[in-house]
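**Student:** I have a structure here, written as structure tokens, and I will follow up with some questions on it.
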Number of protein chains: 4
Amino acid sequence: MPARDIISTHPDVRGSVSEALVRCIDECYACAQACTACADACLAEDMVQQLKQCTRLNLDGADVCAATGALASRRTGSNEPILGQMLQICAAVCCFLRASAPQPERRCPAQ
Amino acid sequence: MPARDIISTHPDVRGSVSEALVRCIDECYACAQACTACADACLAEDMVQQLKQCTRLNLDGADVCAATGALASRRTGSNEPILGQMLQICAAVCCFLRASAPQPERRCPAQ
Amino acid sequence: MPARDIISTHPDVRGSVSEALVRCIDECYACAQACTACADACLAEDMVQQLKQCTRLNLDGADVCAATGALASRRTGSNEPILGQMLQICAAVCCFLRASAPQPERRCPAQ
Amino acid sequence: MPARDIISTHPDVRGSVSEALVRCIDECYACAQACTACADACLAEDMVQQLKQCTRLNLDGADVCAATGALASRRTGSNEPILGQMLQICAAVCCFLRASAPQPERRCPAQ
């Protein structure tokens with residue numbers, strides 16, 4: 001079931017769903033999966049020695065995005081300042097990841 | 001980026017993607033999100049006292065499905081027996097969750 | 001095996017372990033566990049209705065601390081700016097948690 | 001704060017703590033940290049090409065042990081069959097990890 005449908009049934013939301021929030025949740029989970037798969041693909045490459053920083057950043061990215069997706073999924077009470085900072089960190093990790101690719105044609109799909 | 005596109009670029013996969021595996025990965029991450037959101041929605045309900053078991057199972061389900069989605073995303077080396085058992089546990093948690101809903105009309109959307 | 005022993009065998013560390021880092025890793029994992037257990041204890045309380053914000057923050061804290069503990073455990077390559085920001089967020093969540101306790105005598109042990 | 005102290009304050013536990021459960025929780029979190037650090041140490045090794053299976057199993061082990069530690073930390077309601085199966089999977093992953101070390105003197109400390 002998509003995040004949108006789940007969030008819309010929350011007692012404090014009652015059908016008034018923030019489309020930006022829902023898209024954000026979907027992107028966090030998708031990025032967590034992509035980073036996990038990309039770290040694993042780096043590990044399988046013959047040139048893994050040159051992909052160590054990229055692999056490490058992907059693992060970090062998977063952890064940060066998974067945590068952020070969970071935080072963003074909670075609508076009970078509030079935790080906006082923390083969520084805002086976590087989203088900035090997600091963006092920063094993705095930015096670092098892009099810079100860590102050894103050459104553009106080997107850039108991993110998560111970037 | 002969808003799991004399918006990431007997995008298809010893996011050095012050991014080279015375009016030959018298992019559709020069942022890709023769907024499994026997508027469902028694991030979607031279920032982790034749904035369980036996280038559903039636990040939070042239970043907590044927001046006036047009848048939270050009657051939803052304690054459901055809330056707890058949703059939190060467990062989120063943990064189990066997130067771990068399984070990560071395991072299923074790795075194609076380097078192999079870990080099939082563990083992945084198979086984790087998938088069975090995902091199914092068992094979802095089954096318990098369905099049984100824990102106090103009444104059908106209050107059944108959470110994750111079920 | 002304690003974090004200290006594992007970190008000290010890392011090829012890039014070679015016995016020269018930062019005691020501050022090791023303590024930080026231990027505290028992140030301990031805080032993730034404490035927040036998980038405390039969210040669950042809130043849920044079990046008769047006064048769960050008054051503990052919704054505290055429960056939610058504990059769940060957020062568990063996610064943030066678990067991610068930070070994993071980031072801090074990685075010594076290959078570098079990711080210091082992200083790790084620094086994650087540690088600040090850990091501190092902020094713990095601070096929010098302290099403020100969310102309804103009364104001091106009900107303050108959860110994680111605080 | 002140690003898991004023991006947190007668990008002992010749970011409304012449904014009230015001081016009667018299972019020492020086996022507390023030790024189990026501590027070991028799950030310690031193993032999650034050790035597997036995360038060990039995967040990272042494998043990645044830093046010159047012989048990373050020979051450590052791919054070990055690295056992958058460590059990443060899987062970290063996910064499985066972190067999920068199990070969280071499940072074991074919850075005392076509200078019950079989920080014993082799932083927890084029992086998760087603990088068996090933790091043991092199986094550790095067993096696979098031991099077998100994946102290329103030679104005993106390179107065996108990672110997590111094993």
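In the structure tokens, each chain is lettered A, B, ... as it comes, each chain's residues begin at 1, and ligands are numbered from 1 in order of appearance.
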Need the shell around region 59-72 of chain A: protein/DNA/RNA residues with any atom at most 7 Å away, counting only C-alpha atoms. Skip same-chain ones fewer than 2 positions apart. Format as a ChimeraX atom specification?
**Tutor:** /A:25,28-29,31-33,35-36,39,55-57,74,83,86-87,90,93 /B:33,36 /C:60,63-64,67,71
**Student:** Go ahead and save the residues from that selection, with N, CA and C atoms, as a PDB file, in the first residue's frame.
**Tutor:**
ATOM      1  N   ILE A  25       8.404  10.986   1.793  1.00  0.00           N
ATOM      2  CA  ILE A  25       8.482   9.647   2.408  1.00  0.00           C
ATOM      3  C   ILE A  25       8.849   8.607   1.353  1.00  0.00           C
ATOM      4  N   CYS A  28      12.475   8.905   0.401  1.00  0.00           N
ATOM      5  CA  CYS A  28      13.407   8.432   1.443  1.00  0.00           C
ATOM      6  C   CYS A  28      13.547   6.913   1.401  1.00  0.00           C
ATOM      7  N   TYR A  29      12.414   6.217   1.325  1.00  0.00           N
ATOM      8  CA  TYR A  29      12.479   4.755   1.283  1.00  0.00           C
ATOM      9  C   TYR A  29      13.135   4.276  -0.016  1.00  0.00           C
ATOM     10  N   CYS A  31      15.336   5.861  -1.746  1.00  0.00           N
ATOM     11  CA  CYS A  31      16.767   6.172  -1.672  1.00  0.00           C
ATOM     12  C   CYS A  31      17.486   5.197  -0.740  1.00  0.00           C
ATOM     13  N   ALA A  32      16.834   4.814   0.346  1.00  0.00           N
ATOM     14  CA  ALA A  32      17.431   3.813   1.243  1.00  0.00           C
ATOM     15  C   ALA A  32      17.667   2.514   0.476  1.00  0.00           C
ATOM     16  N   GLN A  33      16.685   2.123  -0.317  1.00  0.00           N
ATOM     17  CA  GLN A  33      16.842   0.885  -1.093  1.00  0.00           C
ATOM     18  C   GLN A  33      17.939   1.045  -2.150  1.00  0.00           C
ATOM     19  N   CYS A  35      20.516   3.068  -2.211  1.00  0.00           N
ATOM     20  CA  CYS A  35      21.852   3.135  -1.597  1.00  0.00           C
ATOM     21  C   CYS A  35      22.314   1.752  -1.149  1.00  0.00           C
ATOM     22  N   THR A  36      21.402   0.972  -0.584  1.00  0.00           N
ATOM     23  CA  THR A  36      21.747  -0.391  -0.163  1.00  0.00           C
ATOM     24  C   THR A  36      22.177  -1.223  -1.367  1.00  0.00           C
ATOM     25  N   ALA A  39      25.606   0.142  -2.823  1.00  0.00           N
ATOM     26  CA  ALA A  39      26.760  -0.290  -2.035  1.00  0.00           C
ATOM     27  C   ALA A  39      27.120  -1.725  -2.397  1.00  0.00           C
ATOM     28  N   THR A  55      31.211   3.275  -1.734  1.00  0.00           N
ATOM     29  CA  THR A  55      30.508   2.211  -1.016  1.00  0.00           C
ATOM     30  C   THR A  55      30.139   2.663   0.394  1.00  0.00           C
ATOM     31  N   ARG A  56      31.103   3.258   1.064  1.00  0.00           N
ATOM     32  CA  ARG A  56      30.884   3.718   2.427  1.00  0.00           C
ATOM     33  C   ARG A  56      29.771   4.769   2.483  1.00  0.00           C
ATOM     34  N   LEU A  57      29.812   5.709   1.543  1.00  0.00           N
ATOM     35  CA  LEU A  57      28.787   6.757   1.519  1.00  0.00           C
ATOM     36  C   LEU A  57      27.405   6.180   1.209  1.00  0.00           C
ATOM     37  N   ARG A  74       5.732   9.517  10.655  1.00  0.00           N
ATOM     38  CA  ARG A  74       4.999   9.703  11.920  1.00  0.00           C
ATOM     39  C   ARG A  74       4.292  11.057  11.946  1.00  0.00           C
ATOM     40  N   LEU A  83      13.069  16.618  11.835  1.00  0.00           N
ATOM     41  CA  LEU A  83      12.803  16.103  10.485  1.00  0.00           C
ATOM     42  C   LEU A  83      13.441  17.006   9.432  1.00  0.00           C
ATOM     43  N   MET A  86      17.096  16.312   9.325  1.00  0.00           N
ATOM     44  CA  MET A  86      17.387  15.007   8.721  1.00  0.00           C
ATOM     45  C   MET A  86      17.271  15.078   7.195  1.00  0.00           C
ATOM     46  N   LEU A  87      16.296  15.825   6.716  1.00  0.00           N
ATOM     47  CA  LEU A  87      16.139  15.954   5.264  1.00  0.00           C
ATOM     48  C   LEU A  87      17.339  16.675   4.649  1.00  0.00           C
ATOM     49  N   CYS A  90      20.041  14.129   4.389  1.00  0.00           N
ATOM     50  CA  CYS A  90      19.802  13.245   3.225  1.00  0.00           C
ATOM     51  C   CYS A  90      20.332  13.912   1.953  1.00  0.00           C
ATOM     52  N   VAL A  93      24.207  13.917   1.923  1.00  0.00           N
ATOM     53  CA  VAL A  93      24.799  12.609   1.616  1.00  0.00           C
ATOM     54  C   VAL A  93      24.692  12.327   0.119  1.00  0.00           C
TER      55      VAL A  93
ATOM     56  N   GLN B  33       7.358   0.786   5.542  1.00  0.00           N
ATOM     57  CA  GLN B  33       6.777   2.122   5.663  1.00  0.00           C
ATOM     58  C   GLN B  33       5.352   2.051   6.217  1.00  0.00           C
ATOM     59  N   THR B  36       5.323   1.265   9.921  1.00  0.00           N
ATOM     60  CA  THR B  36       5.763   2.425  10.698  1.00  0.00           C
ATOM     61  C   THR B  36       4.625   3.435  10.816  1.00  0.00           C
TER      62      THR B  36
ATOM     63  N   ASP C  60      11.453   8.143  17.144  1.00  0.00           N
ATOM     64  CA  ASP C  60      12.355   8.936  16.299  1.00  0.00           C
ATOM     65  C   ASP C  60      13.794   8.826  16.816  1.00  0.00           C
ATOM     66  N   ASP C  63      15.504   5.617  15.818  1.00  0.00           N
ATOM     67  CA  ASP C  63      15.936   5.610  14.409  1.00  0.00           C
ATOM     68  C   ASP C  63      17.189   6.455  14.208  1.00  0.00           C
ATOM     69  N   VAL C  64      17.190   7.656  14.790  1.00  0.00           N
ATOM     70  CA  VAL C  64      18.314   8.570  14.597  1.00  0.00           C
ATOM     71  C   VAL C  64      19.588   8.011  15.252  1.00  0.00           C
ATOM     72  N   ALA C  67      21.016   4.947  13.291  1.00  0.00           N
ATOM     73  CA  ALA C  67      21.713   5.377  12.069  1.00  0.00           C
ATOM     74  C   ALA C  67      23.061   6.011  12.415  1.00  0.00           C
ATOM     75  N   LEU C  71      26.908   4.939  11.251  1.00  0.00           N
ATOM     76  CA  LEU C  71      27.821   5.874  10.572  1.00  0.00           C
ATOM     77  C   LEU C  71      29.137   6.000  11.333  1.00  0.00           C
TER      78      LEU C  71
END
**Student:** Quick check: residues of chain A within 9 Å of chain B, only C-alpha atoms, returned as number ranges by chain.
**Tutor:** A: 1-3, 5-7, 9-12, 25-27, 29-34, 36-46, 66, 69-71, 73-77, 108-110
**Student:** How would you write, as an MDAnalysis selection string, the set of residues in region 20-91 of chain C that DSSP gives as alpha helix (DSSP H)?
**Tutor:** chainID C and resid 20:44 52:73 80:91
**Student:** CA of Asn79 (chain D) and CA of Ala101 (chain B), how far apart in Å?
**Tutor:**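 CA of Ala101 (chain B) sits 14.7 Å away from CA of Asn79 (chain D).
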